[in-house]
file query15.txt (compact mmCIF, C-alpha atoms and all ligand atoms)
# COMPACT_ATOMS: atom_id res chain seq x y z
CA MET F 1 -10.91 20.50 23.66
CA PRO F 2 -7.09 20.53 23.57
CA ALA F 3 -5.45 23.55 22.09
CA ILE F 4 -2.48 23.88 19.78
CA LYS F 5 -0.10 26.75 19.47
CA THR F 6 0.54 28.19 16.10
CA PHE F 7 2.47 31.23 14.95
CA LEU F 8 -0.27 33.12 13.19
CA ASN F 9 0.37 36.77 13.94
CA ARG F 10 3.06 37.66 11.46
CA HIS F 11 2.09 41.30 11.83
CA PRO F 12 1.13 43.08 15.02
CA ASP F 13 -2.58 42.90 15.80
CA GLU F 14 -4.62 45.89 16.91
CA ASN F 15 -3.05 45.62 20.38
CA GLY F 16 0.45 45.57 18.95
CA LYS F 17 1.00 41.92 19.93
CA THR F 18 2.70 39.37 17.74
CA GLY F 19 3.58 35.74 18.28
CA PHE F 20 1.83 32.57 19.38
CA GLN F 21 -1.90 32.32 19.50
CA GLU F 22 -3.97 29.64 21.19
CA LEU F 23 -6.27 27.93 18.73
CA PRO F 24 -8.66 25.03 19.28
CA LEU F 25 -7.57 21.79 17.70
CA LYS F 26 -9.74 21.43 14.67
CA ALA F 27 -11.46 18.26 13.53
CA PRO F 28 -10.18 16.80 10.26
CA CYS F 29 -11.51 18.27 7.04
CA PRO F 30 -15.04 16.87 6.50
CA LYS F 31 -14.04 15.75 3.01
CA SER F 32 -11.21 13.71 4.47
CA SER F 33 -10.08 10.51 2.86
CA ILE F 34 -11.56 8.56 5.77
CA MET F 35 -15.02 9.85 4.98
CA VAL F 36 -14.56 9.28 1.28
CA LYS F 37 -13.47 5.71 1.94
CA ALA F 38 -16.47 5.17 4.24
CA SER F 39 -18.84 6.25 1.49
CA PHE F 40 -17.63 3.26 -0.56
CA SER F 41 -17.90 0.71 2.26
CA HIS F 42 -21.03 -0.85 0.70
CA VAL F 43 -19.44 -1.12 -2.77
CA ASP F 44 -18.23 -4.45 -4.11
CA GLN F 45 -18.87 -3.85 -7.81
CA TRP F 46 -16.73 -1.37 -9.74
CA VAL F 47 -17.48 -0.01 -13.21
CA PHE F 48 -14.81 1.93 -15.09
CA ASP F 49 -15.18 3.92 -18.28
CA LEU F 50 -12.12 3.56 -20.52
CA ASP F 51 -11.09 6.65 -22.51
CA HIS F 52 -9.78 9.50 -20.34
CA THR F 53 -10.74 7.52 -17.24
CA LEU F 54 -8.30 4.57 -17.19
CA TYR F 55 -5.69 6.65 -19.03
CA PRO F 56 -5.20 10.44 -18.96
CA PRO F 57 -5.81 12.73 -21.96
CA HIS F 58 -2.11 13.49 -22.47
CA MET F 59 -1.43 9.95 -23.71
CA TYR F 60 -2.68 11.01 -27.13
CA LEU F 61 -5.08 8.17 -27.85
CA PHE F 62 -8.54 9.65 -28.05
CA ASP F 63 -7.10 12.52 -30.12
CA GLN F 64 -6.30 9.96 -32.81
CA ILE F 65 -9.82 8.54 -32.60
CA GLU F 66 -11.31 12.03 -32.93
CA VAL F 67 -9.39 12.53 -36.20
CA LYS F 68 -10.59 9.15 -37.50
CA MET F 69 -14.21 9.83 -36.54
CA THR F 70 -14.18 13.17 -38.36
CA GLN F 71 -12.68 11.52 -41.45
CA TYR F 72 -15.33 8.77 -41.32
CA VAL F 73 -18.12 11.35 -41.26
CA MET F 74 -16.51 13.20 -44.19
CA ASP F 75 -16.24 9.98 -46.23
CA GLN F 76 -19.68 8.59 -45.38
CA LEU F 77 -21.66 11.81 -45.82
CA GLY F 78 -19.51 13.52 -48.46
CA VAL F 79 -19.04 16.68 -46.39
CA ASP F 80 -15.98 18.83 -45.70
CA ARG F 81 -14.09 18.87 -42.41
CA SER F 82 -15.86 21.85 -40.87
CA GLU F 83 -19.29 20.39 -41.62
CA ALA F 84 -18.15 17.01 -40.24
CA ASP F 85 -16.99 18.71 -37.04
CA ARG F 86 -20.30 20.56 -36.76
CA LEU F 87 -22.28 17.35 -37.26
CA ARG F 88 -20.15 15.47 -34.74
CA SER F 89 -20.80 18.17 -32.11
CA GLN F 90 -24.50 17.98 -32.86
CA TYR F 91 -24.56 14.18 -32.64
CA TRP F 92 -22.55 14.20 -29.42
CA ARG F 93 -25.01 16.67 -27.91
CA ASP F 94 -28.21 15.04 -29.24
CA TYR F 95 -27.36 11.32 -29.18
CA GLY F 96 -24.32 10.90 -26.92
CA THR F 97 -21.78 9.87 -29.57
CA THR F 98 -20.86 10.42 -33.23
CA LEU F 99 -21.77 6.81 -34.01
CA ALA F 100 -25.24 7.10 -32.49
CA GLY F 101 -25.97 10.12 -34.69
CA LEU F 102 -24.64 8.41 -37.82
CA MET F 103 -26.82 5.37 -37.11
CA ARG F 104 -29.98 7.30 -36.27
CA GLU F 105 -29.82 9.89 -39.02
CA HIS F 106 -27.95 8.06 -41.78
CA GLY F 107 -28.34 4.33 -41.13
CA VAL F 108 -24.57 3.84 -40.92
CA ASP F 109 -23.39 0.26 -40.20
CA PRO F 110 -21.68 0.39 -36.78
CA ASP F 111 -19.22 -2.49 -37.09
CA PRO F 112 -16.96 -1.14 -39.89
CA TYR F 113 -17.04 2.25 -38.15
CA LEU F 114 -15.88 0.78 -34.85
CA VAL F 115 -13.02 -1.10 -36.53
CA GLU F 116 -11.85 1.94 -38.51
CA VAL F 117 -11.97 4.65 -35.81
CA HIS F 118 -10.24 2.44 -33.24
CA ASP F 119 -7.36 1.53 -35.56
CA VAL F 120 -4.95 3.78 -33.64
CA SER F 121 -1.41 3.64 -32.30
CA MET F 122 -0.78 2.78 -28.65
CA ALA F 123 2.75 4.21 -28.86
CA HIS F 124 2.07 6.98 -26.34
CA MET F 125 0.43 4.73 -23.78
CA GLU F 126 2.37 4.10 -20.57
CA PRO F 127 1.74 1.37 -18.00
CA ASP F 128 0.66 2.48 -14.54
CA PRO F 129 1.72 -0.20 -12.03
CA GLU F 130 0.29 1.71 -9.07
CA LEU F 131 -3.11 2.05 -10.75
CA ALA F 132 -3.00 -1.67 -11.59
CA SER F 133 -2.19 -2.50 -7.97
CA HIS F 134 -5.08 -0.42 -6.60
CA ILE F 135 -7.62 -1.88 -9.05
CA ARG F 136 -6.39 -5.38 -8.15
CA SER F 137 -6.97 -4.56 -4.46
CA LEU F 138 -10.58 -3.45 -4.89
CA PRO F 139 -12.93 -6.06 -3.44
CA GLY F 140 -15.47 -7.82 -5.63
CA THR F 141 -16.36 -7.46 -9.31
CA LYS F 142 -14.61 -5.06 -11.66
CA ILE F 143 -15.66 -4.28 -15.23
CA VAL F 144 -14.81 -1.83 -17.99
CA TYR F 145 -17.72 -0.26 -19.84
CA THR F 146 -16.88 2.01 -22.81
CA ASN F 147 -18.75 3.67 -25.66
CA GLY F 148 -15.91 2.34 -27.82
CA SER F 149 -15.66 -1.32 -28.78
CA ALA F 150 -14.60 -4.14 -26.49
CA PRO F 151 -11.66 -5.29 -28.72
CA TYR F 152 -10.31 -1.73 -28.66
CA ALA F 153 -10.72 -1.60 -24.87
CA ALA F 154 -8.73 -4.83 -24.54
CA ARG F 155 -5.84 -3.30 -26.54
CA VAL F 156 -5.86 -0.18 -24.36
CA LEU F 157 -5.87 -2.18 -21.14
CA GLU F 158 -2.91 -4.24 -22.32
CA ALA F 159 -0.95 -1.10 -23.27
CA ARG F 160 -1.71 0.39 -19.82
CA GLY F 161 -0.66 -2.77 -18.00
CA LEU F 162 -4.24 -3.23 -16.77
CA ASP F 163 -5.07 -6.43 -18.61
CA GLY F 164 -6.20 -9.39 -16.54
CA LEU F 165 -7.65 -7.17 -13.79
CA PHE F 166 -11.26 -7.02 -14.93
CA ASP F 167 -14.07 -9.57 -14.82
CA GLY F 168 -15.57 -8.25 -18.03
CA ILE F 169 -15.02 -5.74 -20.83
CA PHE F 170 -18.15 -4.23 -22.34
CA GLY F 171 -18.36 -1.99 -25.39
CA VAL F 172 -21.14 -0.18 -27.19
CA GLU F 173 -21.81 -3.39 -29.13
CA HIS F 174 -22.95 -5.05 -25.88
CA ALA F 175 -25.65 -2.40 -25.51
CA GLY F 176 -27.08 -2.94 -28.99
CA TYR F 177 -25.00 0.05 -30.14
CA ARG F 178 -26.96 2.40 -27.89
CA PRO F 179 -24.44 4.62 -26.10
CA LYS F 180 -24.01 5.96 -22.64
CA PRO F 181 -25.59 8.27 -21.40
CA GLU F 182 -28.81 6.42 -22.37
CA ARG F 183 -30.33 4.65 -19.40
CA SER F 184 -31.25 1.64 -21.57
CA ALA F 185 -27.56 1.16 -22.45
CA PHE F 186 -26.59 0.92 -18.78
CA ASP F 187 -29.52 -1.42 -18.06
CA THR F 188 -28.47 -3.75 -20.88
CA VAL F 189 -24.79 -3.90 -19.99
CA PHE F 190 -25.31 -4.16 -16.24
CA GLU F 191 -27.72 -7.05 -16.71
CA GLN F 192 -25.10 -8.93 -18.76
CA ALA F 193 -22.37 -8.08 -16.26
CA GLY F 194 -24.45 -8.97 -13.19
CA ILE F 195 -24.05 -5.48 -11.74
CA THR F 196 -26.37 -4.52 -8.87
CA PRO F 197 -26.29 -0.72 -8.97
CA ARG F 198 -26.84 -0.17 -5.24
CA GLN F 199 -23.64 -2.11 -4.55
CA ALA F 200 -21.69 -0.46 -7.36
CA ALA F 201 -19.56 2.58 -8.18
CA MET F 202 -19.03 4.21 -11.57
CA PHE F 203 -15.88 6.06 -12.69
CA GLU F 204 -16.28 8.34 -15.74
CA ASP F 205 -14.73 11.39 -17.39
CA ASP F 206 -17.95 12.45 -19.19
CA GLN F 207 -20.16 13.84 -16.44
CA ARG F 208 -23.29 13.15 -18.53
CA ASN F 209 -22.58 9.44 -18.21
CA LEU F 210 -22.90 9.61 -14.42
CA ALA F 211 -26.53 10.79 -14.40
CA ALA F 212 -28.14 7.40 -15.10
CA PRO F 213 -25.78 5.53 -12.73
CA HIS F 214 -26.65 8.03 -9.99
CA ASP F 215 -30.37 7.55 -10.62
CA MET F 216 -29.84 3.79 -10.42
CA GLY F 217 -28.28 4.17 -6.96
CA MET F 218 -24.58 3.92 -7.82
CA ARG F 219 -21.74 5.84 -6.18
CA THR F 220 -20.41 8.21 -8.87
CA VAL F 221 -16.86 9.48 -9.40
CA HIS F 222 -16.11 12.14 -12.00
CA VAL F 223 -12.54 11.66 -13.31
CA ALA F 224 -11.61 14.88 -15.10
CA PRO F 225 -9.17 17.81 -14.97
CA GLU F 226 -11.92 20.17 -13.79
CA PRO F 227 -14.82 19.45 -11.41
CA HIS F 228 -18.40 19.72 -12.57
CA ASP F 229 -20.96 20.82 -10.02
CA ALA F 230 -24.03 18.62 -10.30
CA ASP F 231 -26.18 16.57 -7.93
CA HIS F 232 -25.43 13.34 -9.80
CA ILE F 233 -21.69 13.59 -9.02
CA HIS F 234 -20.65 12.33 -5.58
CA HIS F 235 -16.88 12.67 -5.98
CA HIS F 236 -14.42 14.34 -8.32
CA THR F 237 -10.77 13.57 -8.94
CA ASP F 238 -8.27 14.67 -11.56
CA ASP F 239 -6.17 11.57 -10.89
CA LEU F 240 -7.79 8.13 -10.68
CA THR F 241 -4.65 6.50 -9.25
CA ILE F 242 -4.53 8.93 -6.33
CA PHE F 243 -8.28 8.60 -5.71
CA LEU F 244 -8.10 4.80 -5.58
CA ARG F 245 -5.06 5.02 -3.28
CA GLY F 246 -7.48 6.47 -0.72
CA LEU F 247 -9.95 3.60 -1.10
CA VAL F 248 -7.75 0.51 -0.83
MG MG F 301 -14.41 8.41 -21.40
call {"tool": "encode", "arguments": {"input": "query15.txt", "output": "structure tokens", "more": "lines below"}}
Ligand SMILES: [Mg+2]
result
Amino acid sequence: MPAIKTFLNRHPDENGKTGFQELPLKAPCPKSSIMVKASFSHVDQWVFDLDHTLYPPHMYLFDQIEVKMTQYVMDQLGVDRSEADRLRSQYWRDYGTTLAGLMREHGVDPDPYLVEVHDVSMAHMEPDPELASHIRSLPGTKIVYTNGSAPYAARVLEARGLDGLFDGIFGVEHAGYRPKPERSAFDTVFEQAGITPRQAAMFEDDQRNLAAPHDMGMRTVHVAPEPHDADHIHHHTDDLTIFLRGLV
């Protein structure tokens, strides 16, 4: 194996020697971009979550939705803000989303809820031409699948400069209002979208929503500021644009 010289011994070693040291030339890092790219070589179907996946948290969009969801719970159930926050945490944990809990436990009509909570400003959204370019370059079918509504997703994509790139936009309404992470929700949407899981990859910020895709045979990518160590997560990135740069 060839050797490289590197100046490692800043301080004298036990023999009093400093200077160059012969080191074997190391193989590239096993998690190199080449290996990551190879692990997607079978993929020609790409499924993207929307919120905090196709735009980052600092664009102040989901924060507005959180405020609206809490207000909706307060108005519908006649509870104060702290109780609404407690219920929302419980519903998120037990059912996957606030809406799922409101429907299961209180029979709330989903359509007015979805219109109200997604009536938010896109003023802080910024286009990402590089992200758009990378998504455009991915081979095969590309869809968005969100626990929000499809009309809301379309507005977000337009504000991000990502409109026209996807073959389909699917919201919670396409899954009979059953949310990710329920397996039945994925089954329903993927059947409509023509997704074959073993040829597909899923990008998501909520690690819970990668468990079913993993079990179905998809390649999973956790898009979040911090990694989450779990068997159902194949890859993690804190920047979707940079991750896709390595795939195209
Ligand atoms: Mg999300």
call {"tool": "closest_atom_pairs", "arguments": {"input": "query15.txt", "of": "stretch 110-205 of chain F", "to": "stretch 34-40 of chain F", "cutoff": "12 Å", "atoms": "all atoms listed in the file", "output": "tab-separated table"}}
result
residue	atom	partner	partner_atom	distance
F:Leu138	CA	F:Phe40	CA	10.7
F:Pro139	CA	F:Phe40	CA	10.8
F:Arg198	CA	F:Phe40	CA	10.9
F:Gln199	CA	F:Phe40	CA	9.0
F:Ala200	CA	F:Phe40	CA	8.7
F:Ala201	CA	F:Phe40	CA	7.9
F:Met202	CA	F:Phe40	CA	11.1
call {"tool": "closest_residue", "arguments": {"input": "query15.txt", "among": "F:Tyr113, F:Tyr72, F:Tyr145, F:Tyr177", "to": "ligand MG 301 (chain F)", "atoms": "all atoms listed in the file"}}
result
F:Tyr145
call {"tool": "residues_near_ligand", "arguments": {"input": "query15.txt", "ligand": "ligand MG 301 (chain F)", "cutoff": "6 Å", "atoms": "all atoms listed in the file", "output": "JSON, numbers by chain"}}
result
{"F": [49, 50, 51, 52, 53, 204, 205, 206]}
call {"tool": "residues_around", "arguments": {"input": "query15.txt", "residues": "F:Met59", "least_positions_apart": "6", "cutoff": "8 Å", "atoms": "all atoms listed in the file", "output": "list in words"}}
result
His124, Met125 and Glu126 of chain F
call {"tool": "closest_residue", "arguments": {"input": "query15.txt", "among": "F:Ser149, F:Ser82, F:Gln45, F:Gln71", "to": "F:Arg178", "atoms": "all atoms listed in the file"}}
result
F:Ser149
call {"tool": "residues_near_point", "arguments": {"input": "query15.txt", "point": "(-3.4, 1.0, -7.4)", "cutoff": "10 Å", "atoms": "all atoms listed in the file", "output": "list in words"}}
result
Asp128, Pro129, Glu130, Leu131, Ala132, Ser133, His134, Ile135, Arg136, Ser137, Leu138, Leu240, Thr241, Ile242, Phe243, Leu244, Arg245, Gly246, Leu247 and Val248 of chain F
call {"tool": "write_last_selection", "arguments": {"input": "query15.txt", "atoms": "C-alpha atoms", "output": "PDB file, keeping the file's coordinate frame"}}
result
ATOM      1  CA  ASP F 128       0.660   2.480 -14.540  1.00  0.00           C
ATOM      2  CA  PRO F 129       1.720  -0.200 -12.030  1.00  0.00           C
ATOM      3  CA  GLU F 130       0.290   1.710  -9.070  1.00  0.00           C
ATOM      4  CA  LEU F 131      -3.110   2.050 -10.750  1.00  0.00           C
ATOM      5  CA  ALA F 132      -3.000  -1.670 -11.590  1.00  0.00           C
ATOM      6  CA  SER F 133      -2.190  -2.500  -7.970  1.00  0.00           C
ATOM      7  CA  HIS F 134      -5.080  -0.420  -6.600  1.00  0.00           C
ATOM      8  CA  ILE F 135      -7.620  -1.880  -9.050  1.00  0.00           C
ATOM      9  CA  ARG F 136      -6.390  -5.380  -8.150  1.00  0.00           C
ATOM     10  CA  SER F 137      -6.970  -4.560  -4.460  1.00  0.00           C
ATOM     11  CA  LEU F 138     -10.580  -3.450  -4.890  1.00  0.00           C
ATOM     12  CA  LEU F 240      -7.790   8.130 -10.680  1.00  0.00           C
ATOM     13  CA  THR F 241      -4.650   6.500  -9.250  1.00  0.00           C
ATOM     14  CA  ILE F 242      -4.530   8.930  -6.330  1.00  0.00           C
ATOM     15  CA  PHE F 243      -8.280   8.600  -5.710  1.00  0.00           C
ATOM     16  CA  LEU F 244      -8.100   4.800  -5.580  1.00  0.00           C
ATOM     17  CA  ARG F 245      -5.060   5.020  -3.280  1.00  0.00           C
ATOM     18  CA  GLY F 246      -7.480   6.470  -0.720  1.00  0.00           C
ATOM     19  CA  LEU F 247      -9.950   3.600  -1.100  1.00  0.00           C
ATOM     20  CA  VAL F 248      -7.750   0.510  -0.830  1.00  0.00           C
TER      21      VAL F 248
END
call {"tool": "residues_around", "arguments": {"input": "query15.txt", "residues": "F:Leu157", "least_positions_apart": "5", "cutoff": "9 Å", "atoms": "all atoms listed in the file", "output": "list in words"}}
result
Leu50, Leu54, Pro127, Tyr152, Leu162, Asp163 and Gly164 of chain F
call {"tool": "residues_around", "arguments": {"input": "query15.txt", "residues": "F:Ala212", "least_positions_apart": "3", "cutoff": "8 Å", "atoms": "only C-alpha atoms", "output": "number ranges by chain"}}
result
F: 181-183, 186, 209, 215-216
call {"tool": "atom_distance", "arguments": {"input": "query15.txt", "atom1": "atom CA of F:Ile65", "atom2": "atom CA of F:His118"}}
result
6.1 Å
call {"tool": "closest_residue", "arguments": {"input": "query15.txt", "among": "F:Val67, F:Met103, F:Ala154, F:Val189", "to": "F:Val172", "atoms": "all atoms listed in the file"}}
result
F:Val189
call {"tool": "residues_around", "arguments": {"input": "query15.txt", "residues": "stretch 120-122 of chain F", "least_positions_apart": "5", "cutoff": "8 Å", "atoms": "only C-alpha atoms", "output": "compact mmCIF listing (two decimals) with C-alpha atoms, in the coordinates of the input"}}
result
# COMPACT_ATOMS: atom_id res chain seq x y z
CA LEU F 61 -5.08 8.17 -27.85
CA GLN F 64 -6.30 9.96 -32.81
CA ILE F 65 -9.82 8.54 -32.60
CA VAL F 156 -5.86 -0.18 -24.36
CA ALA F 159 -0.95 -1.10 -23.27
call {"tool": "residues_near_point", "arguments": {"input": "query15.txt", "point": "(-23.3, 7.7, -26.2)", "cutoff": "7 Å", "atoms": "all atoms listed in the file", "output": "JSON, numbers by chain"}}
result
{"F": [95, 96, 97, 100, 147, 178, 179, 180, 181, 182]}
call {"tool": "atom_distance", "arguments": {"input": "query15.txt", "atom1": "atom CA of F:His106", "atom2": "atom CA of F:Tyr91"}}
result
11.5 Å
call {"tool": "atom_distance", "arguments": {"input": "query15.txt", "atom1": "atom CA of F:Glu191", "atom2": "atom CA of F:Phe170"}}
result
11.5 Å
call {"tool": "closest_residue", "arguments": {"input": "query15.txt", "among": "F:Pro56, F:Val47, F:Thr70, F:Val115", "to": "F:Ala193", "atoms": "all atoms listed in the file"}}
result
F:Val47
call {"tool": "closest_residue", "arguments": {"input": "query15.txt", "among": "F:Leu210, F:Asp80, F:Lys68, F:Phe48", "to": "F:Ala153", "atoms": "all atoms listed in the file"}}
result
F:Phe48
call {"tool": "closest_residue", "arguments": {"input": "query15.txt", "among": "F:Gln207, F:Phe62, F:Arg88, F:Val79", "to": "F:Pro227", "atoms": "all atoms listed in the file"}}
result
F:Gln207
